[in-house]
file entry-v2.txt (compact mmCIF, C-alpha atoms)
# COMPACT_ATOMS: atom_id res chain seq x y z
CA MET A 1 65.24 -1.74 -12.94
CA SER A 2 63.04 1.28 -12.92
CA ILE A 3 59.38 1.21 -13.94
CA LYS A 4 60.18 3.28 -17.02
CA LYS A 5 62.66 0.67 -18.24
CA ILE A 6 60.14 -2.14 -17.77
CA LEU A 7 57.52 -0.19 -19.73
CA ASN A 8 60.01 0.44 -22.52
CA LYS A 9 60.86 -3.23 -22.69
CA ILE A 10 57.15 -4.24 -22.94
CA ASP A 11 56.66 -1.61 -25.63
CA SER A 12 59.54 -2.91 -27.73
CA ILE A 13 58.25 -6.49 -27.48
CA ALA A 14 54.78 -5.31 -28.53
CA ARG A 15 56.25 -3.52 -31.59
CA ARG A 16 58.30 -6.47 -32.80
CA GLU A 17 57.16 -7.74 -36.19
CA VAL A 18 55.82 -11.30 -36.59
CA SER A 19 54.90 -13.30 -39.68
CA PHE A 20 51.28 -13.95 -40.75
CA GLY A 21 51.71 -17.73 -40.43
CA LYS A 22 52.70 -17.44 -36.79
CA ILE A 23 49.72 -15.20 -36.08
CA LEU A 24 47.30 -17.62 -37.71
CA VAL A 25 48.62 -20.57 -35.70
CA GLY A 26 48.57 -18.46 -32.54
CA THR A 27 44.99 -17.37 -33.12
CA VAL A 28 43.77 -20.93 -33.67
CA ILE A 29 45.55 -22.24 -30.57
CA LEU A 30 44.27 -19.34 -28.44
CA THR A 31 40.74 -19.86 -29.69
CA ILE A 32 40.72 -23.58 -28.98
CA LEU A 33 42.20 -22.96 -25.53
CA ALA A 34 39.70 -20.25 -24.67
CA VAL A 35 36.69 -22.22 -25.89
CA SER A 36 37.69 -25.40 -24.11
CA THR A 37 38.43 -23.65 -20.80
CA ILE A 38 35.08 -21.91 -20.90
CA VAL A 39 33.24 -25.13 -21.75
CA ILE A 40 35.09 -27.15 -19.10
CA MET A 41 34.72 -24.49 -16.39
CA ARG A 42 31.02 -24.23 -17.19
CA MET A 43 30.63 -27.98 -16.85
CA ILE A 44 32.38 -27.93 -13.48
CA LEU A 45 30.95 -24.76 -11.98
CA VAL A 46 27.40 -24.51 -13.31
CA PRO A 47 25.06 -27.38 -12.37
CA SER A 48 22.43 -28.35 -14.89
CA PHE A 49 19.21 -26.35 -14.69
CA THR A 50 15.90 -27.08 -16.30
CA ALA A 51 12.47 -25.56 -16.61
CA ALA A 52 9.77 -28.15 -16.06
CA ASN A 53 6.99 -27.81 -18.65
CA ASN A 54 9.06 -25.07 -20.32
CA ASP A 55 7.82 -22.74 -17.60
CA TYR A 56 10.86 -20.49 -17.36
CA ARG A 57 9.11 -18.01 -15.13
CA TYR A 58 8.21 -20.24 -12.19
CA GLN A 59 9.77 -23.67 -12.70
CA TRP A 60 13.40 -22.92 -13.62
CA HIS A 61 15.47 -24.89 -11.12
CA ARG A 62 18.58 -26.92 -10.50
CA VAL A 63 17.75 -30.44 -11.71
CA ALA A 64 18.88 -32.31 -8.59
CA ASN A 65 17.05 -30.14 -6.07
CA GLN A 66 13.59 -31.69 -6.24
CA GLU A 67 15.07 -35.11 -5.40
CA GLU A 68 17.09 -33.58 -2.59
CA TRP A 69 13.89 -32.37 -0.96
CA LYS A 70 12.18 -35.73 -1.50
CA ASN A 71 15.05 -37.41 0.33
CA PHE A 72 14.96 -35.11 3.36
CA LYS A 73 14.98 -37.19 6.54
CA VAL A 74 11.64 -38.31 7.99
CA LYS A 75 11.76 -37.94 11.77
CA TYR A 76 8.14 -38.54 12.78
CA LYS A 77 7.41 -42.21 12.08
CA GLY A 78 3.71 -42.35 12.94
CA ASP A 79 1.71 -44.52 15.38
CA ASP A 80 2.00 -47.76 13.39
CA TYR A 81 5.75 -47.70 13.94
CA CYS A 82 5.22 -48.21 17.70
CA ILE A 83 2.74 -51.13 17.58
CA ASP A 84 5.28 -53.95 17.63
CA CYS A 85 7.05 -52.90 20.80
CA HIS A 86 4.51 -50.84 22.73
CA SER A 87 1.30 -52.64 21.79
CA GLU A 88 -0.11 -52.12 25.28
CA GLN A 89 -0.04 -48.31 25.11
CA HIS A 90 -1.12 -48.38 21.49
CA LYS A 91 -4.21 -50.49 22.23
CA LYS A 92 -5.14 -48.36 25.22
CA LEU A 93 -4.79 -45.12 23.30
CA LEU A 94 -6.89 -46.25 20.34
CA GLN A 95 -9.76 -47.20 22.63
CA SER A 96 -9.67 -43.92 24.52
CA VAL A 97 -10.94 -40.47 23.63
CA HIS A 98 -7.27 -39.61 23.05
CA ALA A 99 -7.31 -41.89 19.97
CA LYS A 100 -6.63 -39.08 17.51
CA ILE A 101 -3.53 -37.85 19.36
CA THR A 102 -0.39 -39.44 17.95
CA CYS A 103 2.19 -40.94 20.31
CA GLU A 104 4.85 -38.59 19.03
CA ASN A 105 2.84 -35.51 19.99
CA CYS A 106 3.51 -36.33 23.62
CA HIS A 107 6.76 -38.29 23.32
CA GLY A 108 8.62 -36.36 20.60
CA ALA A 109 9.97 -37.50 17.23
CA ALA A 110 10.86 -41.19 17.00
CA LEU A 111 13.97 -40.62 14.85
CA GLU A 112 15.83 -43.99 14.97
CA HIS A 113 14.32 -45.06 18.30
CA PRO A 114 15.01 -47.53 19.92
CA GLU A 115 18.59 -47.43 18.53
CA ASN A 116 18.96 -43.68 18.76
CA PRO A 117 17.54 -42.32 21.03
CA ILE A 118 17.28 -45.42 23.24
CA LYS A 119 14.29 -43.93 25.06
CA LEU A 120 11.83 -41.31 24.00
CA ILE A 121 10.97 -38.40 26.28
CA VAL A 122 8.29 -39.03 28.89
CA ASP A 123 6.97 -35.54 29.59
CA LYS A 124 5.16 -35.57 32.93
CA LYS A 125 4.63 -31.82 33.17
CA ARG A 126 1.21 -30.23 33.54
CA GLU A 127 1.99 -28.00 30.56
CA LEU A 128 1.72 -30.94 28.17
CA CYS A 129 -1.88 -31.66 29.13
CA LEU A 130 -2.79 -28.00 29.48
CA ARG A 131 -2.06 -27.36 25.81
CA CYS A 132 -5.40 -28.95 25.04
CA HIS A 133 -7.22 -28.94 28.38
CA SER A 134 -6.65 -25.42 29.69
CA TYR A 135 -9.91 -23.49 29.79
CA LEU A 136 -10.16 -20.75 27.16
CA SER A 137 -13.66 -19.34 26.69
CA TYR A 138 -13.33 -19.27 22.90
CA ARG A 139 -12.20 -22.85 22.34
CA PRO A 140 -14.73 -24.95 20.42
CA VAL A 141 -17.31 -26.64 22.67
CA GLU A 142 -17.66 -29.94 20.80
CA TYR A 143 -15.11 -32.55 19.83
CA LYS A 144 -16.20 -34.29 16.64
CA GLU A 145 -13.12 -36.19 15.55
CA LEU A 146 -13.98 -39.53 17.17
CA GLN A 147 -15.65 -42.04 14.89
CA THR A 148 -17.98 -43.24 17.64
CA LYS A 149 -19.69 -40.08 18.88
CA ASN A 150 -19.36 -36.35 19.27
CA ILE A 151 -18.48 -35.31 22.79
CA LYS A 152 -17.97 -32.12 24.75
CA LEU A 153 -14.44 -30.75 24.80
CA LYS A 154 -13.53 -30.87 28.49
CA MET A 155 -11.43 -28.02 29.75
CA ILE A 156 -10.21 -27.39 33.28
CA LYS A 157 -9.10 -24.15 34.91
CA PRO A 158 -5.42 -24.76 35.68
CA ASP A 159 -5.46 -22.62 38.82
CA GLU A 160 -8.54 -24.39 40.20
CA HIS A 161 -8.04 -28.02 39.15
CA TYR A 162 -5.56 -29.33 41.76
CA PRO A 163 -3.14 -26.46 41.17
CA ASP A 164 -0.41 -27.66 43.56
CA SER A 165 2.60 -27.50 41.27
CA ASN A 166 3.85 -30.82 42.59
CA THR A 167 0.83 -32.84 41.51
CA GLN A 168 1.15 -33.87 37.95
CA CYS A 169 -1.98 -34.59 35.97
CA ILE A 170 -0.78 -38.16 35.54
CA SER A 171 -0.86 -38.81 39.28
CA CYS A 172 -4.65 -39.00 38.93
CA HIS A 173 -5.21 -39.47 35.18
CA ASP A 174 -3.87 -42.06 32.79
CA PRO A 175 -2.57 -40.22 29.71
CA HIS A 176 -3.16 -43.15 27.36
CA MET A 177 -6.61 -44.06 28.62
CA ALA A 178 -7.67 -40.46 29.21
CA ASN A 179 -9.40 -41.53 32.42
CA PHE A 180 -8.62 -42.02 36.11
CA LYS A 181 -5.88 -44.22 37.45
CA MET B 1 51.27 -8.93 -44.60
CA ASN B 2 52.73 -8.29 -41.18
CA PHE B 3 51.21 -7.54 -37.80
CA ASN B 4 52.69 -6.30 -34.61
CA ARG B 5 51.74 -7.97 -31.34
CA ARG B 6 49.26 -5.24 -30.35
CA ASP B 7 47.21 -5.77 -33.53
CA PHE B 8 47.44 -9.51 -33.01
CA LEU B 9 45.91 -9.22 -29.56
CA LYS B 10 43.13 -6.94 -30.84
CA ILE B 11 42.15 -9.26 -33.69
CA GLY B 12 42.50 -12.27 -31.44
CA ILE B 13 40.07 -10.93 -28.87
CA ILE B 14 37.50 -9.97 -31.50
CA THR B 15 37.75 -13.40 -33.17
CA VAL B 16 37.38 -15.33 -29.93
CA GLY B 17 34.51 -13.13 -28.76
CA GLY B 18 32.74 -13.57 -32.11
CA LEU B 19 33.12 -17.34 -31.97
CA MET B 20 31.58 -17.37 -28.47
CA LEU B 21 28.29 -15.79 -29.59
CA PRO B 22 26.54 -18.88 -30.98
CA PHE B 23 27.23 -20.65 -27.69
CA SER B 24 24.58 -18.60 -26.01
CA ALA B 25 21.69 -20.28 -27.79
CA PHE B 26 18.13 -19.36 -26.86
CA GLU B 27 15.07 -21.54 -26.43
CA PHE B 28 11.69 -20.16 -27.50
CA LEU B 29 8.25 -21.14 -26.22
CA THR B 30 5.84 -22.56 -28.75
CA PRO B 31 2.10 -22.35 -28.01
CA LYS B 32 2.13 -26.12 -27.53
CA ALA B 33 4.80 -25.87 -24.86
CA LYS B 34 2.75 -23.19 -23.14
CA ALA B 35 -0.29 -25.48 -23.10
CA ASN B 36 1.89 -28.14 -21.44
CA ILE B 37 2.52 -25.83 -18.55
CA ILE B 38 -1.14 -25.82 -17.70
CA HIS B 39 -2.09 -29.47 -18.30
CA SER B 40 1.03 -31.28 -17.15
CA THR B 41 0.32 -33.45 -14.11
CA ASN B 42 -2.67 -34.93 -12.33
CA LEU B 43 -1.36 -33.80 -8.95
CA ARG B 44 -1.72 -30.40 -7.30
CA TRP B 45 -1.24 -30.25 -3.54
CA VAL B 46 -3.72 -28.16 -1.64
CA PHE B 47 -4.24 -27.45 2.05
CA LEU B 48 -7.45 -26.97 4.01
CA VAL B 49 -7.57 -25.29 7.42
CA ASP B 50 -10.73 -25.40 9.52
CA ILE B 51 -10.51 -22.40 11.82
CA GLN B 52 -13.52 -23.40 13.88
CA LYS B 53 -11.85 -26.64 14.93
CA CYS B 54 -8.50 -25.21 16.02
CA VAL B 55 -7.97 -25.03 19.79
CA GLY B 56 -4.48 -23.54 19.60
CA CYS B 57 -2.68 -26.45 21.27
CA GLY B 58 0.37 -25.84 19.07
CA MET B 59 1.14 -29.54 18.52
CA CYS B 60 1.46 -28.79 14.78
CA VAL B 61 4.09 -26.13 15.42
CA LYS B 62 6.05 -28.41 17.73
CA GLY B 63 5.95 -31.27 15.24
CA CYS B 64 6.81 -29.15 12.22
CA SER B 65 9.72 -27.45 13.92
CA THR B 66 11.28 -30.77 14.96
CA GLU B 67 10.70 -32.49 11.63
CA ASN B 68 12.11 -29.64 9.59
CA ASP B 69 14.89 -28.44 11.92
CA ALA B 70 13.28 -25.01 12.27
CA PRO B 71 15.27 -22.52 14.37
CA THR B 72 12.92 -22.40 17.36
CA HIS B 73 15.63 -20.80 19.51
CA ALA B 74 15.35 -17.75 17.22
CA ASN B 75 11.54 -17.79 17.44
CA LEU B 76 11.16 -18.75 13.80
CA ALA B 77 8.84 -21.44 12.53
CA ARG B 78 7.57 -22.75 9.21
CA THR B 79 4.01 -22.87 10.50
CA TRP B 80 2.49 -20.94 13.36
CA ILE B 81 -0.83 -20.13 14.99
CA GLU B 82 -2.18 -16.63 15.52
CA ARG B 83 -4.80 -15.85 18.13
CA TYR B 84 -7.27 -13.16 17.11
CA ILE B 85 -9.25 -11.53 19.89
CA ILE B 86 -11.89 -8.98 18.93
CA THR B 87 -13.12 -7.07 21.96
CA LYS B 88 -16.57 -5.54 22.34
CA ASP B 89 -15.21 -2.05 21.57
CA GLY B 90 -13.94 -3.34 18.20
CA THR B 91 -10.23 -3.60 18.97
CA ILE B 92 -8.44 -6.44 17.21
CA ILE B 93 -5.68 -8.01 19.26
CA VAL B 94 -3.37 -10.58 17.66
CA ASP B 95 -0.69 -12.61 19.38
CA SER B 96 1.41 -15.67 18.70
CA PRO B 97 3.80 -16.25 21.61
CA GLN B 98 6.82 -18.20 20.33
CA GLN B 99 4.80 -19.00 17.20
CA ALA B 100 2.53 -21.04 19.54
CA TYR B 101 5.26 -23.67 19.92
CA ASN B 102 3.98 -24.32 23.44
CA GLY B 103 0.33 -23.69 22.61
CA PHE B 104 -2.10 -21.19 24.08
CA THR B 105 -2.91 -22.00 27.69
CA LYS B 106 -3.81 -18.64 29.20
CA HIS B 107 -6.35 -15.90 28.60
CA ASP B 108 -3.57 -13.31 28.91
CA VAL B 109 -2.54 -11.55 25.70
CA HIS B 110 0.84 -9.79 25.49
CA GLY B 111 1.03 -10.17 29.28
CA LYS B 112 -2.27 -8.31 29.77
CA HIS B 113 -5.40 -9.88 31.14
CA ILE B 114 -8.51 -9.45 29.02
CA PRO B 115 -11.73 -10.14 30.93
CA ILE B 116 -13.85 -12.80 29.22
CA GLU B 117 -16.90 -10.49 29.32
CA ASN B 118 -15.05 -7.99 27.09
CA ILE B 119 -14.37 -10.48 24.32
CA SER B 120 -16.78 -10.29 21.42
CA LYS B 121 -15.21 -13.13 19.47
CA ALA B 122 -11.91 -14.92 19.32
CA PHE B 123 -10.37 -17.67 17.24
CA PHE B 124 -7.11 -19.33 16.26
CA VAL B 125 -5.68 -19.04 12.75
CA PRO B 126 -3.02 -21.58 11.75
CA LYS B 127 -0.73 -20.19 9.07
CA LEU B 128 1.71 -21.79 6.66
CA CYS B 129 3.08 -21.30 3.16
CA ASN B 130 0.26 -20.86 0.63
CA GLN B 131 2.16 -22.58 -2.22
CA CYS B 132 0.84 -19.97 -4.66
CA ASP B 133 0.23 -20.84 -8.29
CA LEU B 134 1.80 -17.53 -9.30
CA PRO B 135 4.40 -17.22 -6.55
CA ILE B 136 5.68 -13.67 -6.14
CA CYS B 137 8.72 -14.98 -4.25
CA VAL B 138 9.81 -16.96 -7.33
CA ASP B 139 9.32 -13.92 -9.54
CA VAL B 140 11.74 -11.82 -7.51
CA CYS B 141 14.49 -14.39 -6.87
CA PRO B 142 17.59 -13.05 -8.65
CA VAL B 143 19.43 -16.39 -8.88
CA GLY B 144 16.74 -18.98 -9.63
CA ALA B 145 17.05 -20.62 -6.23
CA THR B 146 13.33 -20.78 -5.53
CA TYR B 147 10.91 -22.44 -7.91
CA LYS B 148 7.60 -24.24 -8.23
CA THR B 149 7.35 -27.97 -8.88
CA PRO B 150 4.76 -29.38 -11.31
CA ASP B 151 2.74 -30.59 -8.31
CA GLY B 152 2.51 -27.05 -7.01
CA ILE B 153 5.06 -26.86 -4.18
CA VAL B 154 7.43 -23.89 -3.98
CA HIS B 155 10.93 -24.96 -2.96
CA ILE B 156 14.13 -23.22 -1.97
CA ASP B 157 17.37 -24.67 -3.32
CA ARG B 158 19.62 -24.54 -0.29
CA LYS B 159 22.77 -24.92 -2.40
CA TRP B 160 21.82 -22.08 -4.75
CA CYS B 161 20.19 -19.52 -2.41
CA ILE B 162 22.42 -16.53 -1.67
CA GLY B 163 20.30 -15.30 1.25
CA CYS B 164 19.51 -11.90 -0.28
CA ALA B 165 16.01 -11.94 1.27
CA ALA B 166 14.27 -10.41 -1.75
CA CYS B 167 11.65 -13.17 -1.51
CA ILE B 168 11.15 -12.53 2.20
CA SER B 169 10.20 -8.92 1.67
CA ASN B 170 7.93 -9.78 -1.26
CA CYS B 171 5.96 -12.66 0.24
CA PRO B 172 2.48 -11.32 1.09
CA TYR B 173 2.09 -13.94 3.82
CA SER B 174 5.45 -13.49 5.61
CA VAL B 175 6.10 -17.23 5.61
CA ARG B 176 9.77 -16.94 4.71
CA PHE B 177 12.74 -16.32 6.97
CA ILE B 178 16.52 -16.59 6.91
CA HIS B 179 17.63 -19.73 8.68
CA PRO B 180 20.17 -18.46 11.22
CA THR B 181 22.49 -21.46 10.99
CA LEU B 182 22.09 -22.51 7.35
CA HIS B 183 22.20 -18.89 6.10
CA VAL B 184 19.61 -19.58 3.42
CA VAL B 185 15.92 -18.82 3.17
CA ASP B 186 13.57 -21.40 4.63
CA LYS B 187 9.82 -21.94 4.64
CA CYS B 188 7.06 -24.54 4.69
CA ASN B 189 6.97 -26.95 1.74
CA PHE B 190 4.02 -29.08 2.95
CA CYS B 191 6.69 -31.56 4.18
CA TYR B 192 7.58 -32.48 0.60
CA HIS B 193 9.68 -35.42 1.78
CA ARG B 194 6.60 -36.88 3.46
CA ILE B 195 3.87 -36.16 0.92
CA SER B 196 6.05 -37.57 -1.88
CA ASN B 197 6.39 -40.79 0.14
CA ASN B 198 2.72 -41.38 0.98
CA LEU B 199 2.87 -39.73 4.40
CA ASN B 200 0.92 -36.75 5.68
CA PRO B 201 2.72 -33.54 6.58
CA VAL B 202 3.65 -33.62 10.26
CA CYS B 203 1.24 -30.83 11.17
CA VAL B 204 -1.66 -32.77 9.66
CA ASP B 205 -0.78 -35.91 11.64
CA ALA B 206 -0.18 -33.91 14.79
CA CYS B 207 -3.57 -32.22 14.71
CA ALA B 208 -5.92 -34.23 16.93
CA PHE B 209 -8.73 -31.82 16.18
CA GLY B 210 -8.96 -32.27 12.40
CA SER B 211 -8.20 -28.64 11.74
CA ARG B 212 -5.50 -29.30 9.14
CA LYS B 213 -5.97 -31.41 6.02
CA ILE B 214 -4.03 -31.93 2.82
CA GLY B 215 -5.38 -33.08 -0.53
CA ASN B 216 -4.95 -33.22 -4.28
CA LEU B 217 -6.90 -30.52 -6.08
CA LYS B 218 -6.80 -32.44 -9.37
CA ASN B 219 -8.57 -35.48 -7.93
CA PRO B 220 -12.32 -34.77 -7.82
CA ASP B 221 -12.90 -37.66 -5.37
CA ASP B 222 -10.50 -36.27 -2.80
CA PRO B 223 -12.47 -35.24 0.34
CA VAL B 224 -10.45 -32.03 0.68
CA THR B 225 -11.12 -31.11 -2.95
CA GLN B 226 -14.82 -31.83 -2.46
CA THR B 227 -14.93 -29.54 0.55
CA ILE B 228 -13.19 -26.77 -1.35
CA MET B 229 -15.56 -27.18 -4.32
CA SER B 230 -18.77 -27.38 -2.31
CA LYS B 231 -18.29 -25.40 0.92
CA PRO B 232 -17.71 -21.69 1.57
CA VAL B 233 -13.94 -21.42 1.73
CA ALA B 234 -11.67 -18.40 1.49
CA VAL B 235 -8.01 -17.64 0.95
CA LEU B 236 -5.85 -15.03 2.64
CA LYS B 237 -5.01 -11.81 0.75
CA PRO B 238 -6.53 -12.70 -2.64
CA GLU B 239 -5.82 -9.11 -3.74
CA PHE B 240 -2.21 -10.07 -4.48
CA ASN B 241 -3.51 -12.37 -7.22
CA SER B 242 -0.85 -14.95 -6.47
CA LYS B 243 -3.47 -17.76 -6.42
CA PRO B 244 -2.74 -19.14 -2.93
CA HIS B 245 -3.57 -22.81 -2.31
CA VAL B 246 -4.26 -22.86 1.41
CA PHE B 247 -8.01 -22.65 1.87
CA TYR B 248 -9.72 -21.64 5.10
CA LEU B 249 -13.10 -22.76 6.39
CA GLY B 250 -14.66 -20.21 8.72
CA LEU B 251 -12.25 -17.39 7.87
CA SER B 252 -13.20 -14.07 9.44
CA TYR B 253 -12.63 -10.75 7.70
CA GLU B 254 -10.40 -9.46 10.51
CA VAL B 255 -7.67 -11.93 9.59
CA LYS B 256 -4.77 -10.37 7.74
call {"tool": "encode", "arguments": {"input": "entry-v2.txt", "output": "structure tokens"}}
result
Amino acid sequence: MSIKKILNKIDSIARREVSFGKILVGTVILTILAVSTIVIMRMILVPSFTAANNDYRYQWHRVANQEEWKNFKVKYKGDDYCIDCHSEQHKKLLQSVHAKITCENCHGAALEHPENPIKLIVDKKRELCLRCHSYLSYRPVEYKELQTKNIKLKMIKPDEHYPDSNTQCISCHDPHMANFK
Amino acid sequence: MNFNRRDFLKIGIITVGGLMLPFSAFEFLTPKAKANIIHSTNLRWVFLVDIQKCVGCGMCVKGCSTENDAPTHANLARTWIERYIITKDGTIIVDSPQQAYNGFTKHDVHGKHIPIENISKAFFVPKLCNQCDLPICVDVCPVGATYKTPDGIVHIDRKWCIGCAACISNCPYSVRFIHPTLHVVDKCNFCYHRISNNLNPVCVDACAFGSRKIGNLKNPDDPVTQTIMSKPVAVLKPEFNSKPHVFYLGLSYEVK
């Protein structure tokens, strides 16, 4: 069949006469169909949005999102989480000048430890200690965060303080006590 | 009265279209509703950074990036530390190697050694999202994927964001970035999952030097609020009038 024949056929169908009754019924059915598809598709596709405090400019958001952010996974559990199993290190640390440094700063996020990971990282590299102890002339001179007393912030020059790359700081210093072994 | 099919279709479309109109109902703001916007909660998160205490150890950056799955391999972070060095001839040098993920341990800047005698002053500036009261990023979002919560935190809806980056180019503080694996915009939200569950943001816990603090601006007894009300504090780029809520103690005018 050629394209011209198809077009002619469509044209003749379009020109066929129909009764008013049929048109009325058709219109009603079409309307109901159209409205319900739009309403149903909207319900499925568009999540509910709201504007907290009627602030449509800044607070218009998908309703569920604020809860989604509240339920984001907590990976850093804090020092108290470690007390039960590593009380020795915990006690030592709290008594030392390192008291304000959290365990997870040096050992990484606890996640589900001890289930997963079974062990936390023990970083023995000089770089860990140098983050805070490397000498920079413009670092503050005093350390005031300890409840007991304000002390000097002690910095060492990495290329003068036992620079042999094989000697780790922890071969002479205890990281939890912040003193000598 | 008889129609042909063509007329039927025409009338049909007009009828259906007309019936659709009332479905798009509008909601108008009464003055009372507007007042609600201002006096709604008794919680407004606020951040306080003490520049004079920061040593640039980068523990905050390390903690934040782990906690929030930040793409460190792409050198992107939700919070970072900038080192400002002002030399005696007035040059301002700024660097932030890998967003200070591994801290600052050397005097070298951009691989160049700067003799200590030449330094007039230098300091570290921790940066993070300012959780503005009038966030420009929210204004420009075309799909409503970023918004402010009643307690003042600006969020990004990861399911709704299309990654168009309009907010990134409009944020005065450059805190936003496209997450290379999630393909949506990401930024600091004061660790909303932690502060809503009575925990501190990771960067606050990680700071052994007391340089980072978080508080509630609507509680007059909060130590952070008291500092902000009684001490000389400053915000970054106030000229944008976005009402940022990260306050700095000891901020120097060189900081951009």
call {"tool": "atom_distance", "arguments": {"input": "entry-v2.txt", "atom1": "CA of Gly103 in chain B", "atom2": "CA of Met59 in chain B"}}
result
7.2 Å
call {"tool": "atom_distance", "arguments": {"input": "entry-v2.txt", "atom1": "CA of Glu104 in chain A", "atom2": "CA of Pro140 in chain A"}}
result
23.9 Å
call {"tool": "atom_distance", "arguments": {"input": "entry-v2.txt", "atom1": "CA of Phe124 in chain B", "atom2": "CA of Lys62 in chain B"}}
result
16.1 Å
call {"tool": "closest_residue", "arguments": {"input": "entry-v2.txt", "among": "A:Leu120, A:Ile3, A:Leu111, A:Cys172", "to": "chain B", "atoms": "all atoms listed in the file"}}
result
A:Leu111
call {"tool": "interface_residues", "arguments": {"input": "entry-v2.txt", "of": "chain A", "to": "chain B", "cutoff": "8 Å", "atoms": "only C-alpha atoms", "output": "PyMOL selection string"}}
result
chain A and resi 13-20+23+27+30-31+34-35+52-55+57-62+65-66+69-76+78+100-102+105+108-109+130-132+134-140+143-145
call {"tool": "residues_near_point", "arguments": {"input": "entry-v2.txt", "point": "(-11.2, -27.4, -7.9)", "cutoff": "9 Å", "atoms": "only C-alpha atoms", "output": "JSON, numbers by chain"}}
result
{"B": [217, 218, 219, 220, 225, 226, 228, 229]}
call {"tool": "axis_aligned_box", "arguments": {"input": "entry-v2.txt", "around": "range 145-153 of chain A", "padding_each_side": "3 Å", "output": "lines of an AutoDock Vina configuration file"}}
result
center_x = -16.4
center_y = -37.0
center_z = 19.8
size_x = 12.6
size_y = 18.5
size_z = 15.9
call {"tool": "closest_residue", "arguments": {"input": "entry-v2.txt", "among": "A:Cys129, A:Lys152, A:Ile40, A:Leu146", "to": "Ile170 in chain A", "atoms": "all atoms listed in the file"}}
result
A:Cys129
call {"tool": "residues_around", "arguments": {"input": "entry-v2.txt", "residues": "Ala165 in chain B", "least_positions_apart": "4", "cutoff": "8 Å", "atoms": "all atoms listed in the file", "output": "number ranges by chain"}}
result
B: 169, 177-178, 185
call {"tool": "decode", "arguments": {"input": "entry-v2.txt", "residues": "range 149-159 of chain A", "atoms": "N, CA, C and O atoms", "output": "compact mmCIF listing (two decimals), in the first residue's frame"}}
result
# COMPACT_ATOMS: atom_id res chain seq x y z
N LYS A 149 46.58 22.61 83.08
CA LYS A 149 47.41 23.81 82.95
C LYS A 149 47.71 24.11 81.48
O LYS A 149 47.59 23.23 80.64
N ASN A 150 48.09 25.32 81.22
CA ASN A 150 48.52 25.67 79.87
C ASN A 150 50.00 25.33 79.73
O ASN A 150 50.80 25.63 80.61
N ILE A 151 50.32 24.69 78.60
CA ILE A 151 51.72 24.32 78.40
C ILE A 151 52.19 24.83 77.04
O ILE A 151 51.40 25.27 76.21
N LYS A 152 53.51 24.73 76.85
CA LYS A 152 54.09 25.12 75.57
C LYS A 152 53.77 24.05 74.54
O LYS A 152 53.76 22.87 74.86
N LEU A 153 53.51 24.44 73.32
CA LEU A 153 53.33 23.46 72.25
C LEU A 153 54.72 23.06 71.76
O LEU A 153 55.47 23.90 71.26
N LYS A 154 55.06 21.77 71.97
CA LYS A 154 56.42 21.33 71.64
C LYS A 154 56.51 20.83 70.21
O LYS A 154 55.80 19.91 69.83
N MET A 155 57.38 21.48 69.46
CA MET A 155 57.56 21.09 68.07
C MET A 155 59.00 20.67 67.85
O MET A 155 59.91 21.22 68.47
N ILE A 156 59.21 19.69 66.99
CA ILE A 156 60.57 19.25 66.69
C ILE A 156 60.84 19.49 65.21
O ILE A 156 59.91 19.52 64.39
N LYS A 157 62.12 19.66 64.87
CA LYS A 157 62.46 19.79 63.45
C LYS A 157 62.67 18.39 62.91
O LYS A 157 63.62 17.70 63.31
N PRO A 158 61.83 17.95 61.98
CA PRO A 158 61.87 16.56 61.53
C PRO A 158 63.23 16.14 61.00
O PRO A 158 63.63 14.99 61.16
N ASP A 159 63.97 17.07 60.37
CA ASP A 159 65.25 16.66 59.82
C ASP A 159 66.40 16.80 60.83
O ASP A 159 67.55 16.57 60.49
